[in-house]
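Source file: run.txt; contents: compact mmCIF, C-alpha atoms.
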```txt
# COMPACT_ATOMS: atom_id res chain seq x y z
CA MET A 1 0.00 0.00 0.00
CA PRO A 2 1.38 3.44 -0.87
CA ASP A 3 2.32 5.80 1.92
CA ILE A 4 2.99 9.50 2.31
CA ARG A 5 6.21 10.13 4.22
CA HIS A 6 7.75 13.51 4.99
CA ARG A 7 10.77 14.45 7.11
CA VAL A 8 11.04 17.95 8.55
CA VAL A 9 13.62 19.34 10.99
CA ILE A 10 12.36 21.76 13.64
CA SER A 11 14.71 23.96 15.67
CA ALA A 12 13.16 23.23 19.04
CA PRO A 13 13.32 20.54 21.72
CA ARG A 14 11.15 17.47 21.37
CA ASP A 15 8.72 18.29 24.17
CA ARG A 16 7.61 21.46 22.40
CA VAL A 17 7.03 19.64 19.12
CA PHE A 18 5.21 16.88 20.98
CA ALA A 19 2.89 19.41 22.63
CA ALA A 20 2.09 20.82 19.18
CA VAL A 21 1.05 17.45 17.73
CA ALA A 22 -0.36 15.77 20.82
CA THR A 23 -2.72 18.43 22.22
CA THR A 24 -5.89 19.89 20.74
CA ASP A 25 -4.63 23.41 21.40
CA GLY A 26 -1.31 22.67 19.72
CA ILE A 27 -2.92 21.17 16.61
CA SER A 28 -5.20 24.19 16.24
CA HIS A 29 -2.17 26.42 15.72
CA TRP A 30 -0.77 24.66 12.66
CA TRP A 31 -3.44 22.42 11.07
CA THR A 32 -6.91 23.79 11.68
CA ARG A 33 -7.87 26.77 13.76
CA ASP A 34 -11.49 25.97 12.90
CA GLY A 35 -11.68 23.34 15.60
CA VAL A 36 -10.13 20.26 17.12
CA GLN A 37 -12.60 18.49 19.38
CA GLY A 38 -12.14 15.50 21.65
CA GLU A 39 -9.46 14.31 24.01
CA SER A 40 -5.95 13.56 22.92
CA ARG A 41 -5.29 10.37 24.89
CA GLU A 42 -4.92 6.76 23.84
CA GLY A 43 -8.27 5.20 22.98
CA SER A 44 -10.04 8.55 22.58
CA ARG A 45 -11.19 10.19 19.40
CA LEU A 46 -10.30 13.55 17.88
CA GLN A 47 -12.48 15.45 15.42
CA PHE A 48 -10.98 17.93 12.99
CA PHE A 49 -13.12 20.71 11.48
CA PHE A 50 -12.44 22.65 8.28
CA GLY A 51 -15.22 25.19 7.82
CA LYS A 52 -18.15 22.77 7.82
CA PRO A 53 -20.56 21.65 10.55
CA ASP A 54 -19.33 18.05 10.26
CA PRO A 55 -15.74 17.11 10.96
CA ALA A 56 -13.60 16.51 7.86
CA ALA A 57 -11.86 13.70 9.72
CA VAL A 58 -12.23 11.70 12.91
CA VAL A 59 -9.31 9.73 14.25
CA GLU A 60 -8.72 7.40 17.14
CA VAL A 61 -5.56 8.08 19.09
CA THR A 62 -3.89 4.69 19.03
CA ARG A 63 -0.53 5.65 20.48
CA LEU A 64 0.76 8.57 22.50
CA ARG A 65 4.32 8.16 23.76
CA PRO A 66 5.39 11.45 25.35
CA ASP A 67 8.02 13.29 23.31
CA VAL A 68 8.45 10.28 21.01
CA GLU A 69 5.41 9.35 18.97
CA VAL A 70 1.77 10.06 18.13
CA ILE A 71 -0.28 7.63 16.04
CA TRP A 72 -3.83 8.17 14.85
CA SER A 73 -6.13 5.77 12.99
CA CYS A 74 -8.66 7.45 10.75
CA VAL A 75 -12.17 6.18 11.46
CA GLU A 76 -14.31 8.77 9.62
CA GLY A 77 -13.77 11.27 6.85
CA ALA A 78 -12.92 11.13 3.16
CA ASP A 79 -13.42 7.61 1.81
CA GLU A 80 -9.76 7.31 0.96
CA TRP A 81 -8.73 8.33 4.48
CA VAL A 82 -10.81 5.83 6.40
CA GLY A 83 -8.57 2.97 7.52
CA THR A 84 -5.34 4.92 6.99
CA THR A 85 -2.87 5.60 9.79
CA LEU A 86 -1.18 8.91 10.58
CA GLY A 87 2.00 9.06 12.61
CA PHE A 88 4.38 11.66 13.98
CA ASP A 89 7.70 10.18 15.03
CA LEU A 90 10.02 12.55 16.92
CA THR A 91 13.78 12.18 17.27
CA GLN A 92 16.14 14.55 19.04
CA LYS A 93 19.17 15.54 16.95
CA ASP A 94 21.48 18.00 18.70
CA GLY A 95 19.16 20.86 19.63
CA ASP A 96 16.67 20.05 16.87
CA THR A 97 13.76 17.69 16.54
CA VAL A 98 13.43 15.52 13.46
CA VAL A 99 9.78 14.87 12.62
CA LEU A 100 9.10 11.83 10.48
CA PHE A 101 5.49 12.07 9.41
CA THR A 102 3.69 9.12 7.85
CA HIS A 103 0.20 8.86 6.40
CA ALA A 104 0.13 5.18 5.59
CA GLY A 105 -2.14 2.51 4.18
CA TRP A 106 -3.72 4.26 1.20
CA ARG A 107 -5.57 1.87 -1.08
CA SER A 108 -4.10 3.36 -4.26
CA PRO A 109 -1.73 6.15 -5.36
CA SER A 110 -4.63 8.40 -6.39
CA GLU A 111 -4.56 12.04 -7.40
CA PHE A 112 -6.26 12.84 -4.07
CA MET A 113 -3.39 11.11 -2.27
CA ALA A 114 -0.93 13.28 -4.25
CA HIS A 115 -2.95 16.35 -3.22
CA CYS A 116 -2.86 15.30 0.43
CA SER A 117 0.88 14.65 0.19
CA ALA A 118 1.60 18.23 -0.87
CA ARG A 119 -0.92 19.54 1.70
CA TRP A 120 0.75 17.58 4.52
CA ALA A 121 4.16 18.99 3.62
CA TYR A 122 2.64 22.46 3.71
CA PHE A 123 1.09 21.89 7.14
CA LEU A 124 4.29 20.33 8.51
CA LEU A 125 6.07 23.56 7.56
CA SER A 126 3.23 25.37 9.34
CA LEU A 127 3.98 23.16 12.38
CA LYS A 128 7.66 24.09 12.11
CA SER A 129 6.84 27.78 11.91
CA TYR A 130 4.39 27.58 14.82
CA VAL A 131 6.86 25.81 17.10
CA GLU A 132 9.80 28.04 16.13
CA THR A 133 8.05 31.42 15.96
CA GLY A 134 4.61 31.02 17.58
CA GLN A 135 2.94 31.65 14.22
CA GLY A 136 1.67 28.87 11.96
CA THR A 137 -0.61 28.91 8.91
CA PRO A 138 -3.51 26.64 9.91
CA PHE A 139 -6.84 26.52 8.06
CA PRO A 140 -8.43 28.92 7.18
CA GLU A 141 -5.28 31.05 6.87
CA ASP A 142 -3.56 28.34 4.82
CA LEU A 143 -2.45 28.77 1.22
CA LYS A 144 -5.02 27.09 -1.04
CA PHE A 145 -3.65 24.80 -3.70
CA MET B 1 8.90 0.60 -5.45
CA PRO B 2 7.82 3.60 -3.40
CA ASP B 3 7.12 6.89 -5.16
CA ILE B 4 6.78 10.53 -4.17
CA ARG B 5 3.65 12.06 -5.70
CA HIS B 6 2.41 15.61 -5.20
CA ARG B 7 -0.49 17.48 -6.79
CA VAL B 8 -0.44 21.27 -6.89
CA VAL B 9 -2.86 23.64 -8.65
CA ILE B 10 -1.35 26.73 -10.29
CA SER B 11 -3.48 29.69 -11.36
CA ALA B 12 -1.96 30.10 -14.81
CA PRO B 13 -2.29 28.54 -18.26
CA ARG B 14 -0.40 25.38 -19.07
CA ASP B 15 2.15 26.94 -21.43
CA ARG B 16 3.48 29.18 -18.65
CA VAL B 17 3.86 26.25 -16.25
CA PHE B 18 5.48 24.19 -18.99
CA ALA B 19 8.03 26.95 -19.68
CA ALA B 20 8.87 26.97 -15.97
CA VAL B 21 9.61 23.23 -15.80
CA ALA B 22 10.93 22.65 -19.34
CA THR B 23 13.52 25.42 -19.72
CA THR B 24 16.77 26.00 -17.86
CA ASP B 25 15.82 29.62 -17.21
CA GLY B 26 12.43 28.60 -15.86
CA ILE B 27 13.85 25.97 -13.51
CA SER B 28 16.38 28.46 -12.13
CA HIS B 29 13.53 30.61 -10.80
CA TRP B 30 11.95 28.00 -8.53
CA TRP B 31 14.40 25.12 -7.89
CA THR B 32 17.98 26.33 -8.02
CA ARG B 33 19.22 29.75 -8.94
CA ASP B 34 22.74 28.40 -8.46
CA GLY B 35 22.75 26.89 -11.92
CA VAL B 36 20.98 24.69 -14.41
CA GLN B 37 23.32 23.64 -17.19
CA GLY B 38 22.65 21.70 -20.36
CA GLU B 39 19.92 21.65 -22.94
CA SER B 40 16.33 20.86 -22.16
CA ARG B 41 15.45 18.65 -25.12
CA GLU B 42 14.73 14.93 -25.41
CA GLY B 43 17.94 12.91 -25.20
CA SER B 44 19.98 15.74 -23.66
CA ARG B 45 21.22 16.03 -20.13
CA LEU B 46 20.59 18.70 -17.51
CA GLN B 47 22.89 19.41 -14.56
CA PHE B 48 21.56 20.98 -11.38
CA PHE B 49 23.91 22.85 -9.04
CA PHE B 50 23.35 23.59 -5.35
CA GLY B 51 26.30 25.56 -4.04
CA LYS B 52 29.03 23.06 -4.94
CA PRO B 53 31.37 22.77 -7.92
CA ASP B 54 29.85 19.43 -8.92
CA PRO B 55 26.20 19.11 -9.85
CA ALA B 56 23.97 17.63 -7.15
CA ALA B 57 22.03 15.81 -9.85
CA VAL B 58 22.28 15.06 -13.55
CA VAL B 59 19.21 13.94 -15.45
CA GLU B 60 18.49 12.85 -18.97
CA VAL B 61 15.41 14.44 -20.50
CA THR B 62 13.47 11.40 -21.63
CA ARG B 63 10.23 13.08 -22.59
CA LEU B 64 9.21 16.63 -23.44
CA ARG B 65 5.65 16.99 -24.70
CA PRO B 66 4.89 20.71 -25.02
CA ASP B 67 2.39 21.92 -22.42
CA VAL B 68 1.68 18.33 -21.32
CA GLU B 69 4.60 16.48 -19.78
CA VAL B 70 8.27 16.54 -18.81
CA ILE B 71 10.09 13.37 -17.74
CA TRP B 72 13.65 13.15 -16.49
CA SER B 73 15.71 10.06 -15.64
CA CYS B 74 18.33 10.64 -12.98
CA VAL B 75 21.73 9.41 -14.15
CA GLU B 76 24.06 10.99 -11.55
CA GLY B 77 23.67 12.38 -8.06
CA ALA B 78 22.77 11.03 -4.66
CA ASP B 79 22.96 7.23 -4.63
CA GLU B 80 19.26 6.94 -3.89
CA TRP B 81 18.37 9.23 -6.81
CA VAL B 82 20.27 7.40 -9.53
CA GLY B 83 17.82 5.33 -11.55
CA THR B 84 14.77 7.23 -10.32
CA THR B 85 12.39 9.05 -12.66
CA LEU B 86 11.00 12.56 -12.19
CA GLY B 87 7.88 13.69 -13.98
CA PHE B 88 5.74 16.79 -14.30
CA ASP B 89 2.33 16.05 -15.76
CA LEU B 90 0.26 19.12 -16.65
CA THR B 91 -3.52 19.22 -17.05
CA GLN B 92 -5.65 22.25 -17.82
CA LYS B 93 -8.61 22.69 -15.48
CA ASP B 94 -10.69 25.78 -16.18
CA GLY B 95 -8.11 28.58 -16.10
CA ASP B 96 -5.76 26.64 -13.83
CA THR B 97 -3.04 24.10 -14.42
CA VAL B 98 -2.95 20.95 -12.31
CA VAL B 99 0.62 19.75 -11.81
CA LEU B 100 1.01 16.10 -10.91
CA PHE B 101 4.61 15.64 -9.88
CA THR B 102 6.12 12.19 -9.48
CA HIS B 103 9.55 11.15 -8.27
CA ALA B 104 9.31 7.42 -8.83
CA GLY B 105 11.33 4.27 -8.47
CA TRP B 106 13.00 4.71 -5.09
CA ARG B 107 14.60 1.51 -3.85
CA SER B 108 13.19 1.90 -0.33
CA PRO B 109 11.07 4.32 1.71
CA SER B 110 14.13 5.78 3.45
CA GLU B 111 14.37 8.81 5.68
CA PHE B 112 16.18 10.59 2.83
CA MET B 113 13.21 9.88 0.57
CA ALA B 114 10.90 11.40 3.22
CA HIS B 115 13.19 14.44 3.33
CA CYS B 116 13.07 14.78 -0.46
CA SER B 117 9.28 14.39 -0.41
CA ALA B 118 8.85 17.41 1.85
CA ARG B 119 11.50 19.32 -0.12
CA TRP B 120 9.72 18.65 -3.44
CA ALA B 121 6.43 19.92 -2.04
CA TYR B 122 8.23 23.07 -0.91
CA PHE B 123 9.79 23.61 -4.34
CA LEU B 124 6.49 22.93 -6.13
CA LEU B 125 4.97 25.74 -4.06
CA SER B 126 7.97 27.82 -5.13
CA LEU B 127 7.09 26.89 -8.75
CA LYS B 128 3.49 27.98 -8.12
CA SER B 129 4.62 31.26 -6.63
CA TYR B 130 7.09 31.92 -9.46
CA VAL B 131 4.51 31.28 -12.18
CA GLU B 132 1.76 33.25 -10.45
CA THR B 133 3.78 36.19 -9.12
CA GLY B 134 7.19 36.11 -10.80
CA GLN B 135 8.86 35.36 -7.47
CA GLY B 136 9.87 31.87 -6.36
CA THR B 137 12.09 30.64 -3.53
CA PRO B 138 14.80 28.63 -5.31
CA PHE B 139 18.06 27.58 -3.68
CA PRO B 140 19.85 29.38 -2.03
CA GLU B 141 16.88 31.52 -0.93
CA ASP B 142 14.93 28.40 0.05
CA LEU B 143 13.80 27.64 3.58
CA LYS B 144 16.18 25.08 5.07
CA PHE B 145 14.60 22.09 6.77
```

Once you've parsed the file, please lay out its structure as structure tokens.
Amino acid sequence: MPDIRHRVVISAPRDRVFAAVATTDGISHWWTRDGVQGESREGSRLQFFFGKPDPAAVVEVTRLRPDVEVIWSCVEGADEWVGTTLGFDLTQKDGDTVVLFTHAGWRSPSEFMAHCSARWAYFLLSLKSYVETGQGTPFPEDLKF
Amino acid sequence: MPDIRHRVVISAPRDRVFAAVATTDGISHWWTRDGVQGESREGSRLQFFFGKPDPAAVVEVTRLRPDVEVIWSCVEGADEWVGTTLGFDLTQKDGDTVVLFTHAGWRSPSEFMAHCSARWAYFLLSLKSYVETGQGTPFPEDLKF
């Protein structure tokens, strides 16, 4: 099954990057300011909103290892997303944090997958900017493409 | 074999996007201002420079279909790049151009591939910005990550 995989280096310690990907407040600063609902703990669900009354995606938090790893399983959303797995793997390297992001288990290498791949890279750079400067570019302030 | 695939929509007609990916001058405005040497025609080679005396990559132009498609085969460069294929597929959609970029044929889904995946998305947004506004972010003005 084809996967999306991106590696981004962030000039900040791991705990700050972890807080940005493992808390609803953190996620709202780089992915969607429109709303992240739910509880970010293993076994709970998170809902992500992008300008519509219904969430664009619902995930189950399947792993949360402080400062090391976050894994979500997509349970609702775009057809092609349901059943996929999203992961943020954090590694300390000198004073930086290496983020290895994976959106795995796509059924086919579709054009929508290629769209999401570019979008994820964009939002990971938003994550980098948020952690390093306090200012990200989450929806709806994101560049549309 | 794992592939990198990104889809980006550019608000410009196809011929302008084609000129940006199929000419040495065009490429220098969004990928590397440090130097693109060679001739962009089928069967010729292009060399891409990134701040060092030797090119970081050398490709053979294997297909050049005006306003439709550019395909390069990597013949020199990073070990993991040699033997891979890079493609820009252009489709008109209303007044926009949909770019489907593929960097295919990687031997394994390595961390370097994940790095290149995020880098390509960044440079495709540089391509978009260059075509739409005249201003890209090629090396060495690129964001480092």

Report as a Markdown table the residues of chain A within 6 Å of chain B, each with its shortest atom pair and distance in Å (one decimal), using all atoms listed in the file, ordered by chain and increasing residue number.
```
| residue | atom | partner | partner_atom | distance |
| --- | --- | --- | --- | --- |
| A:Arg5 | CA | B:Ala114 | CA | 5.0 |
| A:His6 | CA | B:Ala114 | CA | 4.2 |
| A:Arg7 | CA | B:His115 | CA | 4.5 |
| A:Val8 | CA | B:Phe145 | CA | 5.7 |
| A:Val9 | CA | B:Phe145 | CA | 5.1 |
| A:Ala114 | CA | B:His6 | CA | 4.2 |
| A:His115 | CA | B:Arg7 | CA | 4.5 |
| A:Ser117 | CA | B:His6 | CA | 5.7 |
| A:Ala118 | CA | B:His6 | CA | 5.1 |
| A:Ala121 | CA | B:Ala118 | CA | 5.3 |
| A:Phe145 | CA | B:Val9 | CA | 5.1 |
```

Would you kindly return, as a PyMOL selection string, each protein, DNA or RNA residue with an atom no farther than 12 Å from any atom of Arg65 (chain B), considering all atoms listed in the file and excluding same-chain residues fewer than 5 positions away? chain B and resi 14-15+18-19+21-22+40-42+70-71+87-90

Next, the residues of the selection above should be written as a PDB file, in the coordinates of the input with C-alpha atoms.
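The result, written out as result16.pdb:
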```
ATOM      1  CA  ARG B  14      -0.400  25.380 -19.070  1.00  0.00           C
ATOM      2  CA  ASP B  15       2.150  26.940 -21.430  1.00  0.00           C
ATOM      3  CA  PHE B  18       5.480  24.190 -18.990  1.00  0.00           C
ATOM      4  CA  ALA B  19       8.030  26.950 -19.680  1.00  0.00           C
ATOM      5  CA  VAL B  21       9.610  23.230 -15.800  1.00  0.00           C
ATOM      6  CA  ALA B  22      10.930  22.650 -19.340  1.00  0.00           C
ATOM      7  CA  SER B  40      16.330  20.860 -22.160  1.00  0.00           C
ATOM      8  CA  ARG B  41      15.450  18.650 -25.120  1.00  0.00           C
ATOM      9  CA  GLU B  42      14.730  14.930 -25.410  1.00  0.00           C
ATOM     10  CA  VAL B  70       8.270  16.540 -18.810  1.00  0.00           C
ATOM     11  CA  ILE B  71      10.090  13.370 -17.740  1.00  0.00           C
ATOM     12  CA  GLY B  87       7.880  13.690 -13.980  1.00  0.00           C
ATOM     13  CA  PHE B  88       5.740  16.790 -14.300  1.00  0.00           C
ATOM     14  CA  ASP B  89       2.330  16.050 -15.760  1.00  0.00           C
ATOM     15  CA  LEU B  90       0.260  19.120 -16.650  1.00  0.00           C
TER      16      LEU B  90
END
```

For Asp142 (chain B), list every protein, DNA or RNA residue within 9 Å, evaluated using all atoms listed in the file, and leave out those in the same chain fewer than 4 positions away; present the list as a PyMOL selection string. chain B and resi 31-32+122-123+126+136-138

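Relative to CA of Gly26 (chain A), CA of Val131 (chain A) is found at 9.1 Å.
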
Could you name the residues that touch Ala56 (chain B) at 9 Å or less, counting only C-alpha atoms, but leaving out those on the same chain fewer than 3 positions away, as a ChimeraX atom specification? /B:47-52,76-78

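Here CA of Arg33 (chain B) and CA of Asp96 (chain B) stand 25.6 Å from one another.
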
Any idea what the distance is between CA of Gly105 (chain A) and CA of Thr84 (chain A)? 4.9 Å

Give as a PyMOL selection string each residue that has an atom at most 12 Å from (18.9, 17.2, -22.3) in the file, counting all atoms listed in the file. chain B and resi 22-24+36-48+58-64+70-75

Of B:Ile27, B:Pro140, B:Ala12, B:Gly35, the one nearest to Pro55 (chain B) when counting all atoms listed in the file is B:Gly35

Region 92-122 of chain B dumped to file, N, CA, C and O atoms, as a compact mmCIF listing (two decimals), in the first residue's frame:
```txt
# COMPACT_ATOMS: atom_id res chain seq x y z
N GLN B 92 -4.89 21.00 -17.92
CA GLN B 92 -5.65 22.25 -17.82
C GLN B 92 -6.96 21.97 -17.09
O GLN B 92 -7.62 20.96 -17.37
N LYS B 93 -7.33 22.85 -16.16
CA LYS B 93 -8.61 22.69 -15.48
C LYS B 93 -9.18 24.08 -15.30
O LYS B 93 -8.70 24.84 -14.46
N ASP B 94 -10.20 24.41 -16.10
CA ASP B 94 -10.69 25.78 -16.18
C ASP B 94 -9.47 26.65 -16.51
O ASP B 94 -8.71 26.33 -17.39
N GLY B 95 -9.26 27.73 -15.79
CA GLY B 95 -8.11 28.58 -16.10
C GLY B 95 -6.83 28.16 -15.39
O GLY B 95 -5.80 28.82 -15.51
N ASP B 96 -6.91 27.07 -14.62
CA ASP B 96 -5.76 26.64 -13.83
C ASP B 96 -5.00 25.49 -14.50
O ASP B 96 -5.50 24.85 -15.42
N THR B 97 -3.81 25.26 -13.99
CA THR B 97 -3.04 24.10 -14.42
C THR B 97 -2.82 23.18 -13.21
O THR B 97 -2.36 23.64 -12.16
N VAL B 98 -3.20 21.94 -13.35
CA VAL B 98 -2.95 20.95 -12.31
C VAL B 98 -1.61 20.29 -12.62
O VAL B 98 -1.43 19.73 -13.70
N VAL B 99 -0.69 20.39 -11.66
CA VAL B 99 0.62 19.75 -11.81
C VAL B 99 0.61 18.48 -10.97
O VAL B 99 0.39 18.52 -9.75
N LEU B 100 0.82 17.35 -11.64
CA LEU B 100 1.01 16.10 -10.91
C LEU B 100 2.49 15.76 -11.03
O LEU B 100 2.98 15.45 -12.13
N PHE B 101 3.17 15.88 -9.91
CA PHE B 101 4.61 15.64 -9.88
C PHE B 101 4.87 14.24 -9.32
O PHE B 101 4.26 13.84 -8.33
N THR B 102 5.77 13.53 -9.96
CA THR B 102 6.12 12.19 -9.48
C THR B 102 7.63 12.04 -9.45
O THR B 102 8.32 12.43 -10.39
N HIS B 103 8.15 11.55 -8.34
CA HIS B 103 9.55 11.15 -8.27
C HIS B 103 9.51 9.67 -7.92
O HIS B 103 9.34 9.29 -6.75
N ALA B 104 9.66 8.84 -8.94
CA ALA B 104 9.31 7.42 -8.83
C ALA B 104 10.52 6.51 -8.88
O ALA B 104 11.58 6.87 -9.38
N GLY B 105 10.32 5.31 -8.33
CA GLY B 105 11.33 4.27 -8.47
C GLY B 105 12.39 4.26 -7.40
O GLY B 105 13.51 3.79 -7.63
N TRP B 106 12.06 4.78 -6.22
CA TRP B 106 13.00 4.71 -5.09
C TRP B 106 13.17 3.24 -4.69
O TRP B 106 12.24 2.45 -4.75
N ARG B 107 14.36 2.91 -4.23
CA ARG B 107 14.60 1.51 -3.85
C ARG B 107 13.92 1.16 -2.52
O ARG B 107 13.51 0.02 -2.30
N SER B 108 13.84 2.16 -1.62
CA SER B 108 13.19 1.90 -0.33
C SER B 108 12.65 3.21 0.23
O SER B 108 13.11 4.29 -0.14
N PRO B 109 11.66 3.12 1.12
CA PRO B 109 11.07 4.32 1.71
C PRO B 109 11.96 4.86 2.83
O PRO B 109 11.59 4.81 4.00
N SER B 110 13.13 5.34 2.47
CA SER B 110 14.13 5.78 3.45
C SER B 110 13.79 7.14 4.04
O SER B 110 12.91 7.86 3.55
N GLU B 111 14.54 7.49 5.08
CA GLU B 111 14.37 8.81 5.68
C GLU B 111 14.79 9.91 4.68
O GLU B 111 14.19 10.99 4.66
N PHE B 112 15.77 9.61 3.85
CA PHE B 112 16.18 10.59 2.83
C PHE B 112 15.05 10.81 1.82
O PHE B 112 14.80 11.93 1.37
N MET B 113 14.35 9.73 1.47
CA MET B 113 13.21 9.88 0.57
C MET B 113 12.13 10.77 1.21
O MET B 113 11.54 11.63 0.54
N ALA B 114 11.90 10.58 2.51
CA ALA B 114 10.90 11.40 3.22
C ALA B 114 11.34 12.86 3.25
O ALA B 114 10.51 13.78 3.13
N HIS B 115 12.64 13.08 3.40
CA HIS B 115 13.19 14.44 3.33
C HIS B 115 12.93 15.04 1.95
O HIS B 115 12.42 16.17 1.83
N CYS B 116 13.26 14.28 0.91
CA CYS B 116 13.07 14.78 -0.46
C CYS B 116 11.58 15.03 -0.75
O CYS B 116 11.24 15.96 -1.48
N SER B 117 10.71 14.21 -0.18
CA SER B 117 9.28 14.39 -0.41
C SER B 117 8.83 15.75 0.09
O SER B 117 8.14 16.51 -0.62
N ALA B 118 9.22 16.09 1.31
CA ALA B 118 8.85 17.41 1.85
C ALA B 118 9.52 18.53 1.05
O ALA B 118 8.91 19.57 0.78
N ARG B 119 10.78 18.31 0.67
CA ARG B 119 11.50 19.32 -0.12
C ARG B 119 10.82 19.57 -1.46
O ARG B 119 10.69 20.70 -1.91
N TRP B 120 10.39 18.49 -2.14
CA TRP B 120 9.72 18.65 -3.44
C TRP B 120 8.42 19.45 -3.29
O TRP B 120 8.10 20.29 -4.13
N ALA B 121 7.67 19.16 -2.24
CA ALA B 121 6.43 19.92 -2.04
C ALA B 121 6.76 21.40 -1.88
O ALA B 121 6.10 22.28 -2.45
N TYR B 122 7.81 21.67 -1.10
CA TYR B 122 8.23 23.07 -0.91
C TYR B 122 8.59 23.71 -2.25
O TYR B 122 8.16 24.84 -2.55
```
